[in-house]
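Enquirer: Pasting in a structure now, in structure tokens, and then I'll have a few things to ask.
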Amino acid sequence: MAEIPASLARVMEELGRLPGIGPKTAQRLSFYLLRTPRDSVERLAAALIEVKARIRFCADCFFIAEAERCTICLSGRRDRTLLCVVEEPLDVLAIERTGEYHGIYHVLQGALSPIDGIGPNELRVAELLARLRREPVSEVILATDPDMEGEATAAYLAQQVGGLGMKTSRLAHGLPVGGELEYADELTLARAFSGRRLFQ
Amino acid sequence: MPTYQADAIVLRRLDYGEADRILTLLTREHGKLSAIARGARKSQARAGALDLFGRSRMMLAKGHNLDVVAQVERRGDARHISGDMQRTAYACLVAEVVDKVLEDRHPVDDVFDLVVETLDRLNLPSRSSRADACWFLMRILDLLGYQPQLQDCAGCGSASPSPSTGEGGGASENRIWFSPLLGGLLCPRCGGHDQAGSALSLTAVKVLRVMQAGDAALYDRLRLTPELLDGVERALEDQLEYHLDRHLKSLDFLRSVRG
């Protein structure tokens, strides 16, 4: 049986470590890279090395940054009385795309997951509480995912933040824009009812 | 692709690819199995049924490596578990234990019903989630054939191990030694040689006996203090971890947040 050369096997092994990439996809990507012109592969390798060298997590909010603090924390135009707590840096990008929110963020770097042994000490919870004690925040918006782990995380944080004397809110749950009522599941619909608002 | 139906509960979820999820399911008909739910992270309609502890009637299609979730019809929800950290953690304990004790596609009688019953109890805000989780641990030990020996000494077989008098035995006064290694209570003489177990209060032993007898109505009427549940939970957990030869992460989590 023909053996895969060691250098190619190494590429497959490394690609296979990436989230969502199984052995077959790793194999496909490796052979694609083999067929790709040398300068493209070099550009990819250089970009990977550069991003690792330049990007770090903001010392305050743990969003991605090219300096000690991220552009959001350094900006003079953000409302520092509003702090939105999210699970991942990608959640910050999603909220920023709305253009509706002008406060600051705190990225937990995950959510509580008892089954995986991820407790508060594995997340940036202590840093959040320290920030809330020293910064002039009046409202903490809990924007963790609306799934089982995200809800547990929000409940835990609400309990922890409760003693600090600031307002704590949770993102609304409800029907997706453009969706159809008929296809909504009962829990979403029940929450949409309990969270309904009056027309202004 | 041939399809089949199953009553399923989601035990674990793993993000896969752009928007897919690999689910570990407990099914009534086929035991534990893994299946891929394509587009599960984007689909709003199926999100609730495919969340952790979501219960549904599923149509699954036989796949090359993994079966594929084709249709989902929700049955019951976990709305009071969601948003309650302690209830979520105990539901995770149930899922973790079931995931670890069952082999793929080897259904064990009554495990599915036990999980449904436990999740239903955890979903009732008026009930003690910790007491319900302990009840589950005793019942799963029973179903797996690992029930602790709570009547005679598990070491020498002498009848009704009594509390130690404080001389030589492994337990202090009014406490009885519990050994996961030997699988139950030990008399003072046998308890003196056991290093791995723990000392249980007489009350905790009585609670364990009520649980073992399967008297749910009496168990519900007991006044279970946190200190009492500490002992009961510890004995059941030690017994389970000894047989599984693995540590339960959900219990570590609960202890860390309980402080």
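Just remember, in the structure tokens the first chain shown is A, the second B, etc., residues are 1-based per chain, and ligands are 1-based in the order shown.
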If the cut-off is 6 Å, can you tell me the residues of chain B near chain A, counting only C-alpha atoms? I'd like them as a PyMOL selection string.
Expert: chain B and resi 16-17+45+82-85+89+92+249-250+253
Enquirer: How would the residues just chosen look if you wrote them out with C-alpha atoms as a JSON list (two decimals), in the first residue's frame?
Expert:
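Okay, this is what ended up in result.json:
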[["chain", "number", "residue", "atom", "x", "y", "z"],
["B", 16, "TYR", "CA", -19.04, 20.74, 13.65],
["B", 17, "GLY", "CA", -18.17, 22.52, 10.43],
["B", 45, "ALA", "CA", -37.10, 26.21, 14.30],
["B", 82, "SER", "CA", -32.70, 26.49, 31.44],
["B", 83, "GLY", "CA", -31.66, 29.66, 33.28],
["B", 84, "ASP", "CA", -31.11, 27.86, 36.60],
["B", 85, "MET", "CA", -27.45, 27.09, 36.98],
["B", 89, "ALA", "CA", -25.53, 21.34, 36.37],
["B", 92, "CYS", "CA", -25.53, 17.74, 33.03],
["B", 249, "LYS", "CA", -16.86, 16.59, 35.87],
["B", 250, "SER", "CA", -20.38, 17.85, 36.60],
["B", 253, "PHE", "CA", -18.41, 21.86, 38.79]]
Enquirer: So that I can see what lies close to segment 11-13 of chain B, please list as a list in words the residues with an atom at most 9 Å from it, counting only C-alpha atoms and leaving out residues fewer than 3 positions away in the same chain.
Expert: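 Close residues of segment 11-13 of chain B: Ile115 of chain A; Arg21, Ile22, Leu23, Thr24, Leu25, Leu26, Leu50, Asp51, Leu52, Phe53, Gly54, Cys92, Val94, Ala95, Glu96, Val98 and Asp99 of chain B.
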Enquirer: Can you spit out the residues from that selection as a PDB file, in the first residue's frame, using N, CA, C and O atoms?
Expert:
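The resulting file, out06.pdb, is reproduced below:
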ATOM      1  N   ILE A 115     -20.714  19.682  32.113  1.00  0.00           N
ATOM      2  CA  ILE A 115     -20.394  18.372  31.543  1.00  0.00           C
ATOM      3  C   ILE A 115     -18.964  18.318  30.997  1.00  0.00           C
ATOM      4  O   ILE A 115     -18.352  17.267  30.936  1.00  0.00           O
TER       5      ILE A 115
ATOM      6  N   ARG B  21     -24.020  20.291  13.920  1.00  0.00           N
ATOM      7  CA  ARG B  21     -23.723  19.847  15.281  1.00  0.00           C
ATOM      8  C   ARG B  21     -23.732  18.325  15.303  1.00  0.00           C
ATOM      9  O   ARG B  21     -24.598  17.705  14.688  1.00  0.00           O
ATOM     10  N   ILE B  22     -22.785  17.744  16.017  1.00  0.00           N
ATOM     11  CA  ILE B  22     -22.837  16.302  16.257  1.00  0.00           C
ATOM     12  C   ILE B  22     -23.485  16.121  17.626  1.00  0.00           C
ATOM     13  O   ILE B  22     -23.039  16.708  18.619  1.00  0.00           O
ATOM     14  N   LEU B  23     -24.570  15.359  17.650  1.00  0.00           N
ATOM     15  CA  LEU B  23     -25.322  15.171  18.889  1.00  0.00           C
ATOM     16  C   LEU B  23     -25.080  13.774  19.440  1.00  0.00           C
ATOM     17  O   LEU B  23     -25.012  12.817  18.681  1.00  0.00           O
ATOM     18  N   THR B  24     -24.928  13.701  20.757  1.00  0.00           N
ATOM     19  CA  THR B  24     -24.982  12.389  21.407  1.00  0.00           C
ATOM     20  C   THR B  24     -26.398  12.261  21.933  1.00  0.00           C
ATOM     21  O   THR B  24     -26.835  13.083  22.737  1.00  0.00           O
ATOM     22  N   LEU B  25     -27.117  11.251  21.447  1.00  0.00           N
ATOM     23  CA  LEU B  25     -28.530  11.099  21.789  1.00  0.00           C
ATOM     24  C   LEU B  25     -28.741   9.852  22.630  1.00  0.00           C
ATOM     25  O   LEU B  25     -28.072   8.833  22.417  1.00  0.00           O
ATOM     26  N   LEU B  26     -29.670   9.950  23.567  1.00  0.00           N
ATOM     27  CA  LEU B  26     -30.145   8.752  24.241  1.00  0.00           C
ATOM     28  C   LEU B  26     -31.512   8.460  23.644  1.00  0.00           C
ATOM     29  O   LEU B  26     -32.411   9.305  23.702  1.00  0.00           O
ATOM     30  N   LEU B  50     -33.120  20.664  19.757  1.00  0.00           N
ATOM     31  CA  LEU B  50     -31.775  20.115  19.634  1.00  0.00           C
ATOM     32  C   LEU B  50     -30.819  20.699  20.667  1.00  0.00           C
ATOM     33  O   LEU B  50     -29.614  20.473  20.616  1.00  0.00           O
ATOM     34  N   ASP B  51     -31.356  21.488  21.615  1.00  0.00           N
ATOM     35  CA  ASP B  51     -30.526  21.995  22.703  1.00  0.00           C
ATOM     36  C   ASP B  51     -30.290  20.850  23.691  1.00  0.00           C
ATOM     37  O   ASP B  51     -30.970  19.826  23.633  1.00  0.00           O
ATOM     38  N   LEU B  52     -29.361  21.033  24.623  1.00  0.00           N
ATOM     39  CA  LEU B  52     -29.112  20.007  25.637  1.00  0.00           C
ATOM     40  C   LEU B  52     -30.401  19.661  26.359  1.00  0.00           C
ATOM     41  O   LEU B  52     -31.191  20.552  26.685  1.00  0.00           O
ATOM     42  N   PHE B  53     -30.598  18.404  26.618  1.00  0.00           N
ATOM     43  CA  PHE B  53     -31.757  17.846  27.340  1.00  0.00           C
ATOM     44  C   PHE B  53     -33.071  18.009  26.574  1.00  0.00           C
ATOM     45  O   PHE B  53     -34.144  17.743  27.123  1.00  0.00           O
ATOM     46  N   GLY B  54     -32.992  18.465  25.328  1.00  0.00           N
ATOM     47  CA  GLY B  54     -34.195  18.573  24.497  1.00  0.00           C
ATOM     48  C   GLY B  54     -34.722  17.173  24.197  1.00  0.00           C
ATOM     49  O   GLY B  54     -33.951  16.251  23.925  1.00  0.00           O
ATOM     50  N   CYS B  92     -26.802  18.117  33.680  1.00  0.00           N
ATOM     51  CA  CYS B  92     -25.528  17.736  33.031  1.00  0.00           C
ATOM     52  C   CYS B  92     -24.970  16.480  33.689  1.00  0.00           C
ATOM     53  O   CYS B  92     -24.401  15.614  33.009  1.00  0.00           O
ATOM     54  N   VAL B  94     -26.682  14.057  35.039  1.00  0.00           N
ATOM     55  CA  VAL B  94     -27.486  12.946  34.508  1.00  0.00           C
ATOM     56  C   VAL B  94     -26.965  12.560  33.113  1.00  0.00           C
ATOM     57  O   VAL B  94     -26.696  11.384  32.825  1.00  0.00           O
ATOM     58  N   ALA B  95     -26.783  13.587  32.260  1.00  0.00           N
ATOM     59  CA  ALA B  95     -26.320  13.331  30.888  1.00  0.00           C
ATOM     60  C   ALA B  95     -24.918  12.720  30.890  1.00  0.00           C
ATOM     61  O   ALA B  95     -24.635  11.779  30.133  1.00  0.00           O
ATOM     62  N   GLU B  96     -24.049  13.235  31.752  1.00  0.00           N
ATOM     63  CA  GLU B  96     -22.662  12.747  31.791  1.00  0.00           C
ATOM     64  C   GLU B  96     -22.614  11.285  32.241  1.00  0.00           C
ATOM     65  O   GLU B  96     -21.911  10.470  31.645  1.00  0.00           O
ATOM     66  N   VAL B  98     -25.029   9.003  32.072  1.00  0.00           N
ATOM     67  CA  VAL B  98     -25.620   8.128  31.051  1.00  0.00           C
ATOM     68  C   VAL B  98     -24.649   7.965  29.872  1.00  0.00           C
ATOM     69  O   VAL B  98     -24.445   6.857  29.360  1.00  0.00           O
ATOM     70  N   ASP B  99     -24.027   9.077  29.474  1.00  0.00           N
ATOM     71  CA  ASP B  99     -23.075   9.030  28.362  1.00  0.00           C
ATOM     72  C   ASP B  99     -21.913   8.089  28.704  1.00  0.00           C
ATOM     73  O   ASP B  99     -21.432   7.350  27.847  1.00  0.00           O
TER      74      ASP B  99
END
Enquirer: Mind checking DSSP for segment 55-256 of chain B and telling me the strand (DSSP E) residues as a list in words?
Expert: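 Answer for segment 55-256 of chain B, restricted to strand (DSSP E): Arg55, Ser56, Arg57, Met58, Met59, Leu60, Ala61, Asp67, Val68, Val69, Ala70, Gln71, Val72, Glu73, Arg74, Arg175, Ile176, Trp177, Phe178, Ser179, Gly184, Leu185, Leu186, Ser198, Ala199, Leu200 and Ser201 of chain B.
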Enquirer: Take the residues just selected and output them with N, CA, C and O atoms as a short mmCIF file (atom, residue, chain, number, x, y, z; two decimals), in the first residue's frame.
Expert:
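See again_13.cif below for the written result:
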data_model
loop_
_atom_site.label_atom_id
_atom_site.label_comp_id
_atom_site.auth_asym_id
_atom_site.auth_seq_id
_atom_site.Cartn_x
_atom_site.Cartn_y
_atom_site.Cartn_z
N ARG B 55 -36.05 17.00 24.26
CA ARG B 55 -36.65 15.69 24.04
C ARG B 55 -37.54 15.77 22.81
O ARG B 55 -38.31 16.72 22.67
N SER B 56 -37.40 14.81 21.93
CA SER B 56 -38.19 14.88 20.70
C SER B 56 -38.39 13.50 20.09
O SER B 56 -37.72 12.53 20.47
N ARG B 57 -39.33 13.44 19.18
CA ARG B 57 -39.49 12.28 18.32
C ARG B 57 -38.70 12.61 17.07
O ARG B 57 -38.98 13.62 16.41
N MET B 58 -37.70 11.80 16.76
CA MET B 58 -36.81 12.13 15.64
C MET B 58 -36.93 11.12 14.52
O MET B 58 -37.17 9.94 14.78
N MET B 59 -36.75 11.63 13.32
CA MET B 59 -36.55 10.72 12.21
C MET B 59 -35.07 10.83 11.85
O MET B 59 -34.55 11.94 11.65
N LEU B 60 -34.39 9.71 11.85
CA LEU B 60 -32.96 9.70 11.55
C LEU B 60 -32.72 8.93 10.26
O LEU B 60 -33.39 7.92 10.00
N ALA B 61 -31.78 9.42 9.47
CA ALA B 61 -31.44 8.73 8.23
C ALA B 61 -30.09 8.05 8.42
O ALA B 61 -29.15 8.65 8.96
N ASP B 67 -25.32 8.85 11.51
CA ASP B 67 -26.70 8.99 11.06
C ASP B 67 -27.05 10.49 11.06
O ASP B 67 -26.43 11.28 11.76
N VAL B 68 -28.03 10.85 10.25
CA VAL B 68 -28.36 12.27 10.07
C VAL B 68 -29.76 12.54 10.65
O VAL B 68 -30.69 11.77 10.39
N VAL B 69 -29.87 13.64 11.44
CA VAL B 69 -31.18 14.01 11.97
C VAL B 69 -31.99 14.61 10.82
O VAL B 69 -31.61 15.65 10.26
N ALA B 70 -33.09 13.93 10.44
CA ALA B 70 -33.86 14.39 9.29
C ALA B 70 -35.06 15.24 9.73
O ALA B 70 -35.33 16.28 9.14
N GLN B 71 -35.77 14.77 10.74
CA GLN B 71 -36.94 15.52 11.23
C GLN B 71 -36.99 15.47 12.75
O GLN B 71 -36.56 14.48 13.35
N VAL B 72 -37.53 16.54 13.32
CA VAL B 72 -37.59 16.62 14.78
C VAL B 72 -38.98 17.11 15.18
O VAL B 72 -39.45 18.13 14.69
N GLU B 73 -39.61 16.35 16.06
CA GLU B 73 -40.89 16.82 16.60
C GLU B 73 -40.73 16.89 18.11
O GLU B 73 -40.51 15.87 18.77
N ARG B 74 -40.82 18.09 18.63
CA ARG B 74 -40.51 18.29 20.04
C ARG B 74 -41.52 17.60 20.96
O ARG B 74 -42.72 17.67 20.73
N ARG B 175 -21.04 6.93 63.28
CA ARG B 175 -20.86 6.95 61.82
C ARG B 175 -20.48 5.56 61.35
O ARG B 175 -19.83 4.81 62.08
N ILE B 176 -20.90 5.25 60.14
CA ILE B 176 -20.60 3.92 59.59
C ILE B 176 -19.72 4.11 58.35
O ILE B 176 -19.94 5.03 57.55
N TRP B 177 -18.73 3.25 58.24
CA TRP B 177 -17.79 3.37 57.12
C TRP B 177 -18.40 2.82 55.84
O TRP B 177 -18.99 1.75 55.85
N PHE B 178 -18.28 3.61 54.76
CA PHE B 178 -18.78 3.19 53.45
C PHE B 178 -17.58 3.00 52.52
O PHE B 178 -16.77 3.92 52.35
N SER B 179 -17.51 1.83 51.92
CA SER B 179 -16.37 1.53 51.05
C SER B 179 -16.81 1.30 49.61
O SER B 179 -17.46 0.29 49.32
N GLY B 184 -20.03 -1.18 49.68
CA GLY B 184 -21.10 -0.97 50.67
C GLY B 184 -20.59 -0.62 52.05
O GLY B 184 -19.43 -0.19 52.21
N LEU B 185 -21.47 -0.80 53.04
CA LEU B 185 -21.13 -0.45 54.42
C LEU B 185 -20.20 -1.51 55.01
O LEU B 185 -20.28 -2.69 54.65
N LEU B 186 -19.35 -1.07 55.94
CA LEU B 186 -18.42 -2.00 56.59
C LEU B 186 -18.64 -1.98 58.10
O LEU B 186 -18.96 -0.92 58.67
N SER B 198 -15.47 6.52 53.00
CA SER B 198 -15.79 7.70 53.82
C SER B 198 -16.77 7.28 54.92
O SER B 198 -17.46 6.26 54.80
N ALA B 199 -16.80 8.09 55.99
CA ALA B 199 -17.69 7.78 57.11
C ALA B 199 -19.04 8.44 56.87
O ALA B 199 -19.11 9.62 56.55
N LEU B 200 -20.12 7.65 57.03
CA LEU B 200 -21.47 8.19 56.80
C LEU B 200 -22.20 8.30 58.13
O LEU B 200 -22.06 7.43 59.00
N SER B 201 -23.03 9.33 58.27
CA SER B 201 -23.85 9.44 59.47
C SER B 201 -24.93 8.36 59.41
O SER B 201 -25.29 7.89 58.32
#
Enquirer: List the neighbours of Val86 of chain A out to 6 Å using only C-alpha atoms; skip same-chain residues closer than 2 positions along the sequence, and give me the result as an mmCIF file with all heavy atoms, in the first residue's frame.
Expert:
data_model
loop_
_atom_site.group_PDB
_atom_site.id
_atom_site.type_symbol
_atom_site.label_atom_id
_atom_site.label_comp_id
_atom_site.auth_asym_id
_atom_site.auth_seq_id
_atom_site.Cartn_x
_atom_site.Cartn_y
_atom_site.Cartn_z
ATOM 1 N N GLU A 88 -17.910 34.875 23.109
ATOM 2 C CA GLU A 88 -16.761 34.781 22.202
ATOM 3 C C GLU A 88 -16.521 36.098 21.465
ATOM 4 O O GLU A 88 -17.458 36.881 21.274
ATOM 5 C CB GLU A 88 -17.029 33.698 21.133
ATOM 6 C CG GLU A 88 -17.304 32.317 21.684
ATOM 7 C CD GLU A 88 -16.090 31.657 22.309
ATOM 8 O OE1 GLU A 88 -14.966 32.172 22.104
ATOM 9 O OE2 GLU A 88 -16.254 30.639 23.002
ATOM 10 N N VAL A 107 -15.555 39.871 27.052
ATOM 11 C CA VAL A 107 -15.636 38.553 26.412
ATOM 12 C C VAL A 107 -15.223 37.484 27.435
ATOM 13 O O VAL A 107 -14.094 37.484 27.927
ATOM 14 C CB VAL A 107 -14.712 38.478 25.170
ATOM 15 C CG1 VAL A 107 -14.865 37.126 24.475
ATOM 16 C CG2 VAL A 107 -15.018 39.610 24.196
ATOM 17 N N ALA A 143 -25.307 38.961 27.284
ATOM 18 C CA ALA A 143 -25.619 38.562 25.903
ATOM 19 C C ALA A 143 -24.984 37.212 25.581
ATOM 20 O O ALA A 143 -24.453 37.004 24.494
ATOM 21 C CB ALA A 143 -25.154 39.638 24.926
ATOM 22 N N THR A 144 -25.049 36.285 26.540
ATOM 23 C CA THR A 144 -24.564 34.934 26.262
ATOM 24 C C THR A 144 -25.592 34.235 25.367
ATOM 25 O O THR A 144 -26.728 34.702 25.253
ATOM 26 C CB THR A 144 -24.384 34.142 27.573
ATOM 27 O OG1 THR A 144 -25.577 34.268 28.339
ATOM 28 C CG2 THR A 144 -23.219 34.660 28.385
#
Enquirer: Skipping near chain neighbours, those fewer than 3 positions away, what residues fall within 9 Å of segment 121-131 of chain B using only C-alpha atoms, listed as a short mmCIF file (atom, residue, chain, number, x, y, z; two decimals) with N, CA, C and O atoms, in the first residue's frame?
Expert:
data_model
loop_
_atom_site.label_atom_id
_atom_site.label_comp_id
_atom_site.auth_asym_id
_atom_site.auth_seq_id
_atom_site.Cartn_x
_atom_site.Cartn_y
_atom_site.Cartn_z
N ASP B 77 -40.28 19.99 27.27
CA ASP B 77 -39.16 20.93 27.26
C ASP B 77 -38.50 21.01 28.63
O ASP B 77 -38.97 20.40 29.58
N ALA B 78 -37.42 21.73 28.67
CA ALA B 78 -36.66 21.85 29.91
C ALA B 78 -36.60 23.32 30.30
O ALA B 78 -35.55 23.82 30.68
N ARG B 79 -37.74 24.01 30.21
CA ARG B 79 -37.70 25.47 30.36
C ARG B 79 -37.30 25.94 31.75
O ARG B 79 -36.75 27.01 31.91
N HIS B 80 -37.58 25.11 32.80
CA HIS B 80 -37.18 25.55 34.14
C HIS B 80 -35.78 25.06 34.51
O HIS B 80 -35.23 25.49 35.52
N ILE B 81 -35.24 24.19 33.70
CA ILE B 81 -33.83 23.82 33.90
C ILE B 81 -32.98 24.95 33.30
O ILE B 81 -32.02 25.41 33.90
N SER B 82 -33.40 25.40 32.11
CA SER B 82 -32.70 26.49 31.44
C SER B 82 -32.79 27.76 32.29
O SER B 82 -33.86 28.12 32.77
N GLN B 86 -27.95 25.67 38.89
CA GLN B 86 -27.85 24.42 39.64
C GLN B 86 -28.63 23.29 38.95
O GLN B 86 -28.13 22.18 38.82
N ARG B 87 -29.83 23.61 38.48
CA ARG B 87 -30.62 22.58 37.78
C ARG B 87 -29.90 22.14 36.50
O ARG B 87 -29.88 20.97 36.15
N THR B 88 -29.31 23.13 35.79
CA THR B 88 -28.56 22.78 34.57
C THR B 88 -27.41 21.85 34.91
O THR B 88 -27.17 20.85 34.22
N TYR B 90 -27.10 19.78 37.46
CA TYR B 90 -27.56 18.43 37.81
C TYR B 90 -28.06 17.68 36.57
O TYR B 90 -27.86 16.47 36.46
N ALA B 91 -28.70 18.40 35.65
CA ALA B 91 -29.11 17.75 34.40
C ALA B 91 -27.87 17.31 33.62
O ALA B 91 -27.87 16.23 33.00
N VAL B 116 -35.86 10.46 31.50
CA VAL B 116 -37.04 11.32 31.27
C VAL B 116 -37.64 11.75 32.61
O VAL B 116 -37.90 12.94 32.83
N GLU B 117 -37.81 10.78 33.51
CA GLU B 117 -38.41 11.07 34.81
C GLU B 117 -37.53 12.05 35.60
O GLU B 117 -38.03 13.01 36.19
N THR B 118 -36.21 11.86 35.55
CA THR B 118 -35.31 12.75 36.30
C THR B 118 -35.34 14.16 35.71
O THR B 118 -35.40 15.14 36.46
N CYS B 134 -29.61 12.85 43.44
CA CYS B 134 -29.17 11.71 44.26
C CYS B 134 -30.04 10.49 43.98
O CYS B 134 -29.55 9.36 43.87
N TRP B 135 -31.35 10.73 43.88
CA TRP B 135 -32.29 9.64 43.58
C TRP B 135 -31.90 8.98 42.24
O TRP B 135 -31.88 7.76 42.11
N PHE B 136 -31.57 9.82 41.27
CA PHE B 136 -31.15 9.30 39.96
C PHE B 136 -29.90 8.43 40.10
O PHE B 136 -29.82 7.35 39.51
N TYR B 219 -39.23 9.03 50.22
CA TYR B 219 -38.03 9.84 49.95
C TYR B 219 -38.41 11.32 49.79
O TYR B 219 -37.73 12.20 50.32
N ASP B 220 -39.52 11.56 49.07
CA ASP B 220 -39.97 12.94 48.86
C ASP B 220 -40.37 13.62 50.16
O ASP B 220 -40.31 14.84 50.27
N LEU B 224 -34.26 16.68 53.86
CA LEU B 224 -32.87 16.43 53.50
C LEU B 224 -32.06 17.73 53.59
O LEU B 224 -32.18 18.60 52.73
N PRO B 226 -28.61 20.11 53.57
CA PRO B 226 -27.42 20.07 52.70
C PRO B 226 -26.33 19.16 53.28
O PRO B 226 -25.66 18.44 52.54
N LEU B 229 -27.30 15.60 52.57
CA LEU B 229 -27.13 15.30 51.14
C LEU B 229 -25.65 15.20 50.76
O LEU B 229 -25.29 14.47 49.85
N GLU B 233 -24.71 12.03 48.70
CA GLU B 233 -24.15 12.30 47.36
C GLU B 233 -22.74 11.72 47.24
O GLU B 233 -22.38 11.11 46.24
#
Enquirer: With only C-alpha atoms as the atoms that count, which of A:Asp145, A:Leu82, A:Leu129, A:Ala172 lies nearest to Ala111 of chain A?
Expert: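 Closest to Ala111 of chain A of all the choices is A:Asp145.
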Enquirer: Need the shell around segment 109-114 of chain B: protein/DNA/RNA residues with any atom at most 8 Å away, counting only C-alpha atoms. Skip same-chain ones fewer than 6 positions apart. Format as a ChimeraX atom specification?
Expert: /B:26-28,31,136,139-140,143
Enquirer: Rounded to one decimal in Å, what is the spacing between atom CA of Asp60 of chain A and atom CA of Met166 of chain A?
Expert: 19.1 Å
Enquirer: Tell me, as a short mmCIF file (atom, residue, chain, number, x, y, z; two decimals) with all heavy atoms, in the first residue's frame, which residues lie within 10 Å of Arg133 of chain A, counting only C-alpha atoms; anything in the same chain fewer than 3 positions away does not count.
Expert:
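The resulting file, selection.cif, is reproduced below:
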data_model
loop_
_atom_site.label_atom_id
_atom_site.label_comp_id
_atom_site.auth_asym_id
_atom_site.auth_seq_id
_atom_site.Cartn_x
_atom_site.Cartn_y
_atom_site.Cartn_z
N GLU A 127 -12.16 38.57 36.23
CA GLU A 127 -11.74 39.83 35.59
C GLU A 127 -12.95 40.74 35.37
O GLU A 127 -12.86 41.96 35.51
CB GLU A 127 -11.08 39.54 34.24
CG GLU A 127 -9.71 38.89 34.33
CD GLU A 127 -9.76 37.36 34.40
OE1 GLU A 127 -10.85 36.82 34.65
OE2 GLU A 127 -8.70 36.73 34.21
N LEU A 128 -14.11 40.13 35.04
CA LEU A 128 -15.33 40.93 34.84
C LEU A 128 -15.73 41.60 36.15
O LEU A 128 -16.01 42.81 36.18
CB LEU A 128 -16.47 40.02 34.35
CG LEU A 128 -17.87 40.63 34.37
CD1 LEU A 128 -17.99 41.76 33.34
CD2 LEU A 128 -18.95 39.57 34.08
N LEU A 129 -15.74 40.83 37.22
CA LEU A 129 -16.17 41.39 38.50
C LEU A 129 -15.20 42.48 38.96
O LEU A 129 -15.62 43.53 39.49
CB LEU A 129 -16.29 40.28 39.56
CG LEU A 129 -17.34 39.20 39.23
CD1 LEU A 129 -17.33 38.10 40.27
CD2 LEU A 129 -18.75 39.79 39.11
N ALA A 130 -13.91 42.28 38.72
CA ALA A 130 -12.91 43.31 39.08
C ALA A 130 -13.15 44.59 38.27
O ALA A 130 -13.08 45.70 38.80
CB ALA A 130 -11.51 42.77 38.82
N PRO A 136 -17.06 52.80 35.83
CA PRO A 136 -18.35 53.45 36.15
C PRO A 136 -19.54 52.83 35.41
O PRO A 136 -20.34 53.53 34.80
CB PRO A 136 -18.13 54.89 35.71
CG PRO A 136 -17.19 54.77 34.54
CD PRO A 136 -16.30 53.61 34.84
N VAL A 137 -19.67 51.51 35.44
CA VAL A 137 -20.73 50.82 34.69
C VAL A 137 -22.05 50.91 35.46
O VAL A 137 -22.09 50.67 36.66
CB VAL A 137 -20.35 49.34 34.48
CG1 VAL A 137 -21.48 48.57 33.80
CG2 VAL A 137 -19.07 49.23 33.67
N VAL A 161 -23.21 39.55 39.82
CA VAL A 161 -23.22 41.00 39.60
C VAL A 161 -24.25 41.66 40.52
O VAL A 161 -24.11 42.83 40.88
CB VAL A 161 -23.54 41.31 38.10
CG1 VAL A 161 -23.71 42.79 37.84
CG2 VAL A 161 -22.45 40.73 37.20
N LEU A 164 -23.34 43.98 43.33
CA LEU A 164 -22.49 45.15 43.06
C LEU A 164 -23.29 46.44 42.85
O LEU A 164 -22.73 47.51 42.66
CB LEU A 164 -21.60 44.89 41.84
CG LEU A 164 -20.65 43.69 41.96
CD1 LEU A 164 -19.87 43.49 40.67
CD2 LEU A 164 -19.68 43.89 43.12
N GLY A 165 -24.61 46.33 42.86
CA GLY A 165 -25.46 47.52 42.84
C GLY A 165 -25.72 48.14 41.48
O GLY A 165 -26.12 49.29 41.38
#
Enquirer: When DSSP works through the backbone of this structure, what residues of segment 57-178 of chain A end up as alpha helix (DSSP H), shown as a PyMOL selection string?
Expert: chain A and resi 71-74+89-98+125-134+148-162
Enquirer: If we count only C-alpha atoms, what is near segment 28-30 of chain A at a cut-off of 7 Å, once residues fewer than 4 positions away on the same chain are taken out, given as a PyMOL selection string?
Expert: chain A and resi 11-12+24+34
Enquirer: Mind writing the picked residues with C-alpha atoms as a PDB file, in the first residue's frame?
Expert:
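Done, and the output landed in out.pdb:
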ATOM      1  CA  VAL A  11       0.020  18.936   7.202  1.00  0.00           C
ATOM      2  CA  MET A  12      -3.029  16.645   7.372  1.00  0.00           C
ATOM      3  CA  LYS A  24     -11.414  13.640   5.188  1.00  0.00           C
ATOM      4  CA  LEU A  34      -0.278  20.772  -2.850  1.00  0.00           C
TER       5      LEU A  34
END
